[in-house]
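Asker: Below is structure08.cif; it holds mmCIF, C-alpha atoms.
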data_my_file
loop_
_atom_site.group_PDB
_atom_site.id
_atom_site.type_symbol
_atom_site.label_atom_id
_atom_site.label_comp_id
_atom_site.auth_asym_id
_atom_site.auth_seq_id
_atom_site.Cartn_x
_atom_site.Cartn_y
_atom_site.Cartn_z
ATOM 1 C CA MET A 12 138.816 286.498 220.207
ATOM 2 C CA GLU A 13 135.483 285.338 221.642
ATOM 3 C CA THR A 14 135.684 281.928 223.200
ATOM 4 C CA PRO A 15 133.149 279.334 224.273
ATOM 5 C CA GLY A 16 133.833 280.370 227.869
ATOM 6 C CA SER A 17 133.266 284.033 226.958
ATOM 7 C CA ILE A 18 136.766 285.095 227.877
ATOM 8 C CA ASP A 19 139.424 286.559 225.621
ATOM 9 C CA VAL A 20 143.062 285.633 225.128
ATOM 10 C CA THR A 21 144.297 288.270 227.591
ATOM 11 C CA GLU A 22 142.069 286.986 230.382
ATOM 12 C CA ALA A 23 143.037 283.381 229.664
ATOM 13 C CA ALA A 24 146.742 284.304 229.732
ATOM 14 C CA ALA A 25 146.235 286.147 233.036
ATOM 15 C CA ALA A 26 144.452 283.101 234.476
ATOM 16 C CA LEU A 27 147.348 280.856 233.406
ATOM 17 C CA THR A 28 149.784 283.228 235.123
ATOM 18 C CA VAL A 29 147.695 282.927 238.302
ATOM 19 C CA VAL A 30 147.890 279.131 237.981
ATOM 20 C CA ARG A 31 151.696 279.186 237.585
ATOM 21 C CA ARG A 32 152.180 281.577 240.517
ATOM 22 C CA SER A 33 149.908 279.554 242.790
ATOM 23 C CA ARG A 34 151.799 276.386 241.985
ATOM 24 C CA ALA A 35 155.174 278.044 242.588
ATOM 25 C CA ARG A 36 153.910 279.456 245.881
ATOM 26 C CA VAL A 37 152.712 276.119 247.227
ATOM 27 C CA ALA A 38 155.920 274.459 246.011
ATOM 28 C CA TRP A 39 158.263 276.767 247.897
ATOM 29 C CA SER A 40 156.376 278.648 250.607
ATOM 30 C CA GLY A 41 155.960 277.737 254.231
ATOM 31 C CA TYR A 42 159.108 275.674 254.648
ATOM 32 C CA PRO A 43 160.677 276.336 258.037
ATOM 33 C CA ALA A 44 164.370 277.309 257.845
ATOM 34 C CA TRP A 45 165.309 274.232 259.887
ATOM 35 C CA TYR A 46 163.999 272.035 257.052
ATOM 36 C CA TRP A 47 166.584 273.392 254.601
ATOM 37 C CA LEU A 48 169.352 273.262 257.212
ATOM 38 C CA ALA A 49 168.498 269.700 258.302
ATOM 39 C CA SER A 50 168.015 268.420 254.749
ATOM 40 C CA GLY A 51 171.223 270.130 253.605
ATOM 41 C CA THR A 52 173.084 268.546 256.503
ATOM 42 C CA GLY A 53 171.603 265.138 255.687
ATOM 43 C CA LEU A 54 172.472 265.374 252.005
ATOM 44 C CA GLY A 55 175.954 266.651 252.849
ATOM 45 C CA VAL A 56 176.601 263.821 255.277
ATOM 46 C CA GLY A 57 175.195 261.348 252.745
ATOM 47 C CA ALA A 58 177.383 262.725 249.957
ATOM 48 C CA GLY A 59 180.494 262.612 252.131
ATOM 49 C CA GLY A 60 179.560 259.220 253.546
ATOM 50 C CA THR A 61 179.402 257.551 250.155
ATOM 51 C CA LEU A 62 183.058 258.466 249.648
ATOM 52 C CA LEU A 63 184.169 256.700 252.816
ATOM 53 C CA PRO A 64 185.966 253.365 252.435
ATOM 54 C CA ASP A 65 184.522 249.942 253.270
ATOM 55 C CA TRP A 66 180.914 249.566 254.477
ATOM 56 C CA TRP A 67 180.738 252.945 256.200
ATOM 57 C CA GLY A 68 179.197 254.502 253.118
ATOM 58 C CA MET A 69 176.268 252.061 253.128
ATOM 59 C CA VAL A 70 175.571 252.524 256.845
ATOM 60 C CA ILE A 71 175.685 256.309 256.616
ATOM 61 C CA ALA A 72 173.528 256.388 253.458
ATOM 62 C CA ALA A 73 170.848 254.237 255.144
ATOM 63 C CA ALA A 74 170.843 256.394 258.284
ATOM 64 C CA VAL A 75 170.634 259.566 256.176
ATOM 65 C CA VAL A 76 167.671 258.276 254.168
ATOM 66 C CA VAL A 77 165.735 257.512 257.383
ATOM 67 C CA ALA A 78 166.636 260.923 258.844
ATOM 68 C CA LEU A 79 165.638 262.768 255.639
ATOM 69 C CA ILE A 80 162.242 261.030 255.572
ATOM 70 C CA ARG A 81 161.592 262.041 259.195
ATOM 71 C CA VAL A 82 162.611 265.621 258.450
ATOM 72 C CA ALA A 83 160.342 265.730 255.392
ATOM 73 C CA VAL A 84 157.367 264.424 257.403
ATOM 74 C CA ALA A 85 157.991 266.931 260.207
ATOM 75 C CA ALA A 86 158.297 269.801 257.699
ATOM 76 C CA SER A 87 155.080 268.696 255.984
ATOM 77 C CA ARG A 88 153.252 268.882 259.326
ATOM 78 C CA ALA A 89 154.776 272.266 260.127
ATOM 79 C CA ARG A 90 153.763 273.650 256.714
ATOM 80 C CA GLY A 91 150.291 272.143 256.743
ATOM 81 C CA VAL A 92 150.922 270.825 253.254
ATOM 82 C CA CYS A 93 150.985 267.119 252.423
ATOM 83 C CA GLU A 94 152.584 266.589 249.012
ATOM 84 C CA GLY A 95 152.796 262.806 248.880
ATOM 85 C CA TRP A 96 155.892 260.770 248.048
ATOM 86 C CA VAL A 97 155.381 260.222 244.354
ATOM 87 C CA ARG A 98 154.625 263.699 243.108
ATOM 88 C CA GLY A 99 154.933 267.152 244.564
ATOM 89 C CA ALA A 100 154.278 270.781 243.789
ATOM 90 C CA MET A 101 157.780 271.406 242.444
ATOM 91 C CA THR A 102 158.200 271.264 238.690
ATOM 92 C CA TRP A 103 161.140 269.353 237.187
ATOM 93 C CA ARG A 104 162.804 272.735 236.661
ATOM 94 C CA ASP A 105 162.417 273.587 240.365
ATOM 95 C CA GLY A 106 163.924 270.212 241.227
ATOM 96 C CA LEU A 107 166.827 270.820 238.849
ATOM 97 C CA VAL A 108 167.586 274.207 240.436
ATOM 98 C CA LEU A 109 167.383 272.773 243.962
ATOM 99 C CA TYR A 110 169.116 269.413 243.567
ATOM 100 C CA GLY A 111 171.139 269.962 240.351
ATOM 101 C CA PRO A 112 174.220 271.713 241.798
ATOM 102 C CA ALA A 113 174.442 269.252 244.722
ATOM 103 C CA ALA A 114 174.078 266.308 242.312
ATOM 104 C CA VAL A 115 176.896 267.688 240.145
ATOM 105 C CA VAL A 116 179.162 267.922 243.206
ATOM 106 C CA ILE A 117 178.303 264.362 244.278
ATOM 107 C CA LEU A 118 179.042 263.003 240.794
ATOM 108 C CA ALA A 119 182.226 265.043 240.424
ATOM 109 C CA THR A 120 183.630 263.948 243.794
ATOM 110 C CA ALA A 121 182.694 260.333 243.014
ATOM 111 C CA VAL A 122 184.653 260.551 239.736
ATOM 112 C CA VAL A 123 187.622 262.262 241.429
ATOM 113 C CA SER A 124 187.684 259.683 244.246
ATOM 114 C CA ARG A 125 188.116 256.906 241.678
ATOM 115 C CA SER A 126 190.932 258.624 239.815
ATOM 116 C CA VAL A 127 193.043 259.789 242.769
ATOM 117 C CA SER A 128 194.176 258.039 245.941
ATOM 118 C CA TRP A 129 191.690 258.311 248.830
ATOM 119 C CA SER A 130 192.021 261.411 250.981
ATOM 120 C CA PRO A 131 190.048 262.185 254.140
ATOM 121 C CA TRP A 132 189.511 265.705 252.839
ATOM 122 C CA LEU A 133 187.484 264.600 249.836
ATOM 123 C CA PRO A 134 184.387 263.426 251.824
ATOM 124 C CA VAL A 135 184.588 266.554 253.972
ATOM 125 C CA LEU A 136 184.816 268.816 250.922
ATOM 126 C CA ALA A 137 181.873 267.010 249.255
ATOM 127 C CA ALA A 138 179.765 267.247 252.423
ATOM 128 C CA VAL A 139 180.406 270.964 252.904
ATOM 129 C CA LEU A 140 179.787 271.825 249.242
ATOM 130 C CA VAL A 141 176.551 269.810 249.039
ATOM 131 C CA PHE A 142 175.296 271.309 252.315
ATOM 132 C CA LEU A 143 176.034 274.866 251.159
ATOM 133 C CA LEU A 144 174.615 274.481 247.644
ATOM 134 C CA PHE A 145 171.391 272.767 248.752
ATOM 135 C CA THR A 146 170.742 274.931 251.811
ATOM 136 C CA ILE A 147 171.438 278.241 250.071
ATOM 137 C CA ALA A 148 169.265 277.278 247.069
ATOM 138 C CA GLY A 149 166.410 276.145 249.334
ATOM 139 C CA LEU A 150 166.490 279.162 251.639
ATOM 140 C CA THR A 151 166.781 281.611 248.734
ATOM 141 C CA LEU A 152 163.993 280.133 246.622
ATOM 142 C CA SER A 153 161.730 279.710 249.644
ATOM 143 C CA ALA A 154 162.247 283.337 250.693
ATOM 144 C CA ARG A 155 161.634 284.534 247.130
ATOM 145 C CA ALA A 156 158.350 282.593 246.899
ATOM 146 C CA ALA A 157 157.180 284.059 250.204
ATOM 147 C CA ARG A 158 157.747 287.585 248.857
ATOM 148 C CA GLN A 159 155.700 287.016 245.682
ATOM 149 C CA MET B 1 141.618 295.299 256.755
ATOM 150 C CA ASN B 2 139.553 292.339 255.629
ATOM 151 C CA ALA B 3 136.946 294.492 253.939
ATOM 152 C CA PRO B 4 138.598 294.573 250.476
ATOM 153 C CA ARG B 5 139.164 290.846 250.673
ATOM 154 C CA ASP B 6 135.564 290.253 251.568
ATOM 155 C CA THR B 7 134.456 291.866 248.335
ATOM 156 C CA GLN B 8 135.578 288.608 246.766
ATOM 157 C CA LEU B 9 132.592 287.016 248.407
ATOM 158 C CA ASN B 10 130.514 288.693 245.757
ATOM 159 C CA GLU B 11 132.099 286.402 243.212
ATOM 160 C CA ILE B 12 130.163 283.519 244.643
ATOM 161 C CA GLU B 13 126.826 283.564 242.961
ATOM 162 C CA GLU B 14 124.223 280.914 242.563
ATOM 163 C CA GLU B 15 124.697 281.400 238.849
ATOM 164 C CA ASP B 16 128.296 280.173 239.090
ATOM 165 C CA ILE B 17 127.223 276.950 240.710
ATOM 166 C CA GLU B 18 124.575 276.382 238.075
ATOM 167 C CA LYS B 19 127.080 277.026 235.287
ATOM 168 C CA ALA B 20 129.506 274.584 236.888
ATOM 169 C CA ALA B 21 126.892 271.893 236.980
ATOM 170 C CA THR B 22 126.837 272.090 233.228
ATOM 171 C CA ALA B 23 130.543 272.588 232.574
ATOM 172 C CA ALA B 24 131.201 273.446 228.969
ATOM 173 C CA GLU B 25 132.167 270.587 226.700
ATOM 174 C CA ASP B 26 135.506 272.242 225.956
ATOM 175 C CA GLY B 27 136.517 271.849 229.610
ATOM 176 C CA PHE B 28 136.065 275.500 230.519
ATOM 177 C CA ASP B 29 134.575 275.569 234.018
ATOM 178 C CA HIS B 30 132.863 278.751 235.195
ATOM 179 C CA LEU B 31 132.928 277.718 238.846
ATOM 180 C CA ILE B 32 136.677 277.190 238.815
ATOM 181 C CA HIS B 33 137.410 280.259 236.689
ATOM 182 C CA ALA B 34 136.594 282.791 239.442
ATOM 183 C CA PRO B 35 140.037 284.174 240.473
ATOM 184 C CA ALA B 36 140.029 283.008 244.086
ATOM 185 C CA ARG B 37 138.703 279.540 243.225
ATOM 186 C CA LEU B 38 141.224 279.192 240.396
ATOM 187 C CA ARG B 39 143.999 279.935 242.912
ATOM 188 C CA ILE B 40 142.503 277.456 245.389
ATOM 189 C CA CYS B 41 142.381 274.711 242.761
ATOM 190 C CA ALA B 42 145.873 275.563 241.434
ATOM 191 C CA THR B 43 147.202 275.279 244.996
ATOM 192 C CA LEU B 44 145.365 272.023 245.748
ATOM 193 C CA ASP B 45 146.137 270.294 242.439
ATOM 194 C CA PRO B 46 149.856 269.518 242.896
ATOM 195 C CA VAL B 47 149.543 268.405 246.537
ATOM 196 C CA ARG B 48 147.721 265.556 248.245
ATOM 197 C CA GLU B 49 146.042 267.704 250.875
ATOM 198 C CA ILE B 50 146.502 271.033 252.575
ATOM 199 C CA GLU B 51 145.458 272.458 255.911
ATOM 200 C CA PHE B 52 142.867 275.238 255.880
ATOM 201 C CA SER B 53 145.143 277.650 257.768
ATOM 202 C CA ALA B 54 148.049 276.960 255.400
ATOM 203 C CA LEU B 55 145.789 277.661 252.429
ATOM 204 C CA LEU B 56 144.671 280.855 254.134
ATOM 205 C CA THR B 57 148.286 282.007 254.392
ATOM 206 C CA LEU B 58 149.199 280.957 250.870
ATOM 207 C CA LEU B 59 146.240 282.698 249.251
ATOM 208 C CA ASP B 60 146.123 285.734 251.534
ATOM 209 C CA LEU B 61 142.333 285.655 251.711
ATOM 210 C CA SER B 62 140.073 286.347 254.681
ATOM 211 C CA LYS B 63 138.805 283.328 256.585
ATOM 212 C CA SER B 64 135.192 283.994 255.592
ATOM 213 C CA ALA B 65 136.024 284.463 251.902
ATOM 214 C CA LEU B 66 138.036 281.257 251.800
ATOM 215 C CA SER B 67 135.279 279.343 253.632
ATOM 216 C CA LYS B 68 132.677 280.527 251.115
ATOM 217 C CA HIS B 69 134.811 279.548 248.137
ATOM 218 C CA ILE B 70 135.610 276.171 249.675
ATOM 219 C CA SER B 71 131.910 275.589 250.344
ATOM 220 C CA ALA B 72 131.133 276.295 246.689
ATOM 221 C CA LEU B 73 133.797 273.808 245.595
ATOM 222 C CA VAL B 74 132.598 271.216 248.132
ATOM 223 C CA ASP B 75 128.996 271.630 246.951
ATOM 224 C CA ALA B 76 130.140 271.013 243.379
ATOM 225 C CA GLY B 77 131.941 267.854 244.515
ATOM 226 C CA TYR B 78 135.369 269.284 243.621
ATOM 227 C CA VAL B 79 136.865 269.423 247.109
ATOM 228 C CA THR B 80 136.570 267.236 250.217
ATOM 229 C CA GLN B 81 137.287 268.209 253.808
ATOM 230 C CA ARG B 82 138.796 266.038 256.523
ATOM 231 C CA ARG B 83 138.898 267.017 260.170
ATOM 232 C CA ALA B 84 141.833 265.896 262.301
ATOM 233 C CA VAL B 85 142.979 266.794 265.793
ATOM 234 C CA ARG B 86 146.634 267.719 266.250
ATOM 235 C CA ASP B 87 148.191 269.390 269.280
ATOM 236 C CA THR B 88 144.730 269.399 270.914
ATOM 237 C CA ARG B 89 143.371 271.603 268.112
ATOM 238 C CA GLN B 90 141.010 270.532 265.389
ATOM 239 C CA ARG B 91 142.352 271.191 261.925
ATOM 240 C CA VAL B 92 140.632 270.937 258.581
ATOM 241 C CA TRP B 93 142.496 269.341 255.689
ATOM 242 C CA LEU B 94 141.324 269.969 252.149
ATOM 243 C CA ARG B 95 141.926 267.983 248.996
ATOM 244 C CA LEU B 96 140.711 267.937 245.409
ATOM 245 C CA THR B 97 138.470 265.028 244.534
ATOM 246 C CA ALA B 98 139.074 263.047 241.347
ATOM 247 C CA THR B 99 136.182 264.984 239.778
ATOM 248 C CA GLY B 100 137.659 268.287 240.962
ATOM 249 C CA ARG B 101 141.131 267.458 239.683
ATOM 250 C CA SER B 102 139.737 266.396 236.342
ATOM 251 C CA ALA B 103 137.605 269.551 236.095
ATOM 252 C CA TYR B 104 140.548 271.780 237.067
ATOM 253 C CA ARG B 105 142.904 270.182 234.573
ATOM 254 C CA GLY B 106 140.245 270.374 231.877
ATOM 255 C CA HIS B 107 139.810 274.046 232.684
ATOM 256 C CA VAL B 108 143.566 274.729 232.483
ATOM 257 C CA ALA B 109 143.703 272.851 229.174
ATOM 258 C CA ALA B 110 140.837 275.031 227.914
ATOM 259 C CA LEU B 111 142.774 278.153 228.958
ATOM 260 C CA HIS B 112 145.836 276.889 227.064
ATOM 261 C CA ARG B 113 143.667 276.306 223.994
ATOM 262 C CA ILE B 114 142.301 279.858 224.183
ATOM 263 C CA VAL B 115 145.788 281.318 224.471
ATOM 264 C CA GLY B 116 146.933 279.033 221.665
ATOM 265 C CA HIS B 117 149.570 277.017 223.538
ATOM 266 C CA ILE B 118 148.032 273.726 222.432
#
Would you mind writing the structure in this file as structure tokens?

Answerer:
Amino acid sequence: METPGSIDVTEAAAALTVVRRSRARVAWSGYPAWYWLASGTGLGVGAGGTLLPDWWGMVIAAAVVVALIRVAVAASRARGVCEGWVRGAMTWRDGLVLYGPAAVVILATAVVSRSVSWSPWLPVLAAVLVFLLFTIAGLTLSARAARQ
Amino acid sequence: MNAPRDTQLNEIEEEDIEKAATAAEDGFDHLIHAPARLRICATLDPVREIEFSALLTLLDLSKSALSKHISALVDAGYVTQRRAVRDTRQRVWLRLTATGRSAYRGHVAALHRIVGHI
């Protein structure tokens, strides 16, 4: 098929593949390992903290948000990529893969904490699970993007 | 080792710049369509700005090839450069201009139309 730009369907499809790959590469590449470890720790602590009784949850959540912002800024400088706060290079699907499992754990533990009597193990379990799920997903996807 | 990469320099022709100046009405942009420049624009589009050395690593191009392609995009008004000093070293940050972003997105939309996704 001749096009106004003088390229055929195959070339256009190849160009779109290049576009997708470039976007995926900038979304995931260049993150230092400490970013995933620090962010996973922050999210884990935040997830566990929200299950603590009284006002502890609020204090911990606020501290975690500040820490996560500082980590994100430091990682952005280390990568040499400034994504901005509103939109980034990750697609909604990337975000779902990265944050989805951790979000499910946070919601599930929140539901469980309301239906059973409070146990000190519940925040710990939530924190460990969120840390593992987020950190493993981040490190794996980042390493895969670097190989492509 | 950089010799094969430098062959990409040949892609930059005066003709490309002239074609870009009169981008097709359907959004297809000949300046952006060159493989290396398409990758540059696709990398710059979803971010606010990116450091030259980071772009170099992401695209796996030689420094000279990337500089030439960036110059072509700057000349067309698609990319701007900002110099900033960090850790006593001067770094160059690159970003798509509003015109560049619009041209890139128009080009991608044109590619989708050709493939038949739209």

Asker: Excluding same-chain residues fewer than 4 positions from segment 49-56 of chain A, what lies within 12 Å of it counting all atoms listed in the file, as a compact mmCIF listing (two decimals) with C-alpha atoms, keeping the file's coordinate frame?

Answerer:
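Result file is part-v8.txt:
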# COMPACT_ATOMS: atom_id res chain seq x y z
CA TYR A 42 159.11 275.67 254.65
CA PRO A 43 160.68 276.34 258.04
CA ALA A 44 164.37 277.31 257.85
CA TRP A 45 165.31 274.23 259.89
CA GLY A 60 179.56 259.22 253.55
CA THR A 61 179.40 257.55 250.16
CA LEU A 62 183.06 258.47 249.65
CA LEU A 63 184.17 256.70 252.82
CA TRP A 67 180.74 252.94 256.20
CA GLY A 68 179.20 254.50 253.12
CA MET A 69 176.27 252.06 253.13
CA VAL A 70 175.57 252.52 256.85
CA ILE A 71 175.68 256.31 256.62
CA ALA A 72 173.53 256.39 253.46
CA ALA A 73 170.85 254.24 255.14
CA ALA A 74 170.84 256.39 258.28
CA VAL A 75 170.63 259.57 256.18
CA VAL A 76 167.67 258.28 254.17
CA VAL A 77 165.74 257.51 257.38
CA ALA A 78 166.64 260.92 258.84
CA LEU A 79 165.64 262.77 255.64
CA ILE A 80 162.24 261.03 255.57
CA ARG A 81 161.59 262.04 259.20
CA VAL A 82 162.61 265.62 258.45
CA ALA A 83 160.34 265.73 255.39
CA VAL A 84 157.37 264.42 257.40
CA ALA A 85 157.99 266.93 260.21
CA ALA A 86 158.30 269.80 257.70
CA LEU A 109 167.38 272.77 243.96
CA TYR A 110 169.12 269.41 243.57
CA ALA A 113 174.44 269.25 244.72
CA ALA A 114 174.08 266.31 242.31
CA VAL A 116 179.16 267.92 243.21
CA ILE A 117 178.30 264.36 244.28
CA PRO A 134 184.39 263.43 251.82
CA VAL A 135 184.59 266.55 253.97
CA LEU A 136 184.82 268.82 250.92
CA ALA A 137 181.87 267.01 249.26
CA ALA A 138 179.76 267.25 252.42
CA VAL A 139 180.41 270.96 252.90
CA LEU A 140 179.79 271.82 249.24
CA VAL A 141 176.55 269.81 249.04
CA PHE A 142 175.30 271.31 252.32
CA LEU A 143 176.03 274.87 251.16
CA LEU A 144 174.62 274.48 247.64
CA PHE A 145 171.39 272.77 248.75
CA THR A 146 170.74 274.93 251.81
CA ILE A 147 171.44 278.24 250.07
CA ALA A 148 169.26 277.28 247.07
CA GLY A 149 166.41 276.14 249.33
CA LEU A 150 166.49 279.16 251.64

Asker: I'd like to know which of B:Thr57, B:Thr43, B:Thr97, B:Ser102 is closest to Val79 of chain B, using only C-alpha atoms.

Answerer: B:Thr97

Asker: Could you please determine the separation between atom CA of Arg86 of chain B and atom CA of Arg158 of chain A in Å, to one decimal place?

Answerer: 28.6 Å

Asker: Would you kindly report the residues of chain B within 9 Å of chain A, using all atoms listed in the file, as a PyMOL selection string?

Answerer: chain B and resi 24+26+28-30+33+35+38-55+57-59+93+108+110-112+114-116

Asker: Since we have the selection now, will you write its residues out, keeping C-alpha atoms, as a compact mmCIF listing (two decimals), in the coordinates of the input?

Answerer:
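Output below, filename again02.txt:
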# COMPACT_ATOMS: atom_id res chain seq x y z
CA ALA B 24 131.20 273.45 228.97
CA ASP B 26 135.51 272.24 225.96
CA PHE B 28 136.06 275.50 230.52
CA ASP B 29 134.57 275.57 234.02
CA HIS B 30 132.86 278.75 235.20
CA HIS B 33 137.41 280.26 236.69
CA PRO B 35 140.04 284.17 240.47
CA LEU B 38 141.22 279.19 240.40
CA ARG B 39 144.00 279.94 242.91
CA ILE B 40 142.50 277.46 245.39
CA CYS B 41 142.38 274.71 242.76
CA ALA B 42 145.87 275.56 241.43
CA THR B 43 147.20 275.28 245.00
CA LEU B 44 145.36 272.02 245.75
CA ASP B 45 146.14 270.29 242.44
CA PRO B 46 149.86 269.52 242.90
CA VAL B 47 149.54 268.40 246.54
CA ARG B 48 147.72 265.56 248.24
CA GLU B 49 146.04 267.70 250.88
CA ILE B 50 146.50 271.03 252.58
CA GLU B 51 145.46 272.46 255.91
CA PHE B 52 142.87 275.24 255.88
CA SER B 53 145.14 277.65 257.77
CA ALA B 54 148.05 276.96 255.40
CA LEU B 55 145.79 277.66 252.43
CA THR B 57 148.29 282.01 254.39
CA LEU B 58 149.20 280.96 250.87
CA LEU B 59 146.24 282.70 249.25
CA TRP B 93 142.50 269.34 255.69
CA VAL B 108 143.57 274.73 232.48
CA ALA B 110 140.84 275.03 227.91
CA LEU B 111 142.77 278.15 228.96
CA HIS B 112 145.84 276.89 227.06
CA ILE B 114 142.30 279.86 224.18
CA VAL B 115 145.79 281.32 224.47
CA GLY B 116 146.93 279.03 221.66

Asker: Smallest atom-to-atom distance to Ser62 of chain B: which of B:Ala36, B:Gln81, B:Gly106, B:Leu94, using all atoms listed in the file?

Answerer: B:Ala36

Asker: My list of candidates is A:Trp47, A:Leu152, A:Pro112, A:Pro64. Which is closest to Ser128 of chain A when distances are computed with only C-alpha atoms?

Answerer: A:Pro64

Asker: Around all listed atoms of segment 45-62 of chain A, padded 4 Å per side, what centre and edge lengths does the axis-aligned box have in Å to one decimal, as JSON?

Answerer:
{"center_x": 173.5, "center_y": 265.9, "center_z": 254.8, "size_x": 27.1, "size_y": 24.7, "size_z": 18.2}

Asker: Take atom CA of Tyr104 of chain B and atom CA of Ile32 of chain B and report the distance between them in Å, one decimal.

Answerer: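 Taking atom CA of Tyr104 of chain B as the start and atom CA of Ile32 of chain B as the end point, the length is 6.9 Å.
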
Asker: Distance atom CA of Leu66 of chain B-atom CA of Arg101 of chain B, one decimal place?

Answerer: 18.6 Å

Asker: If you count only C-alpha atoms, which residues fall within 6 Å of Tyr78 of chain B, apart from same-chain ones fewer than 3 positions away, as an MDAnalysis selection string?

Answerer: chainID B and resid 73:74 96:97 99:100
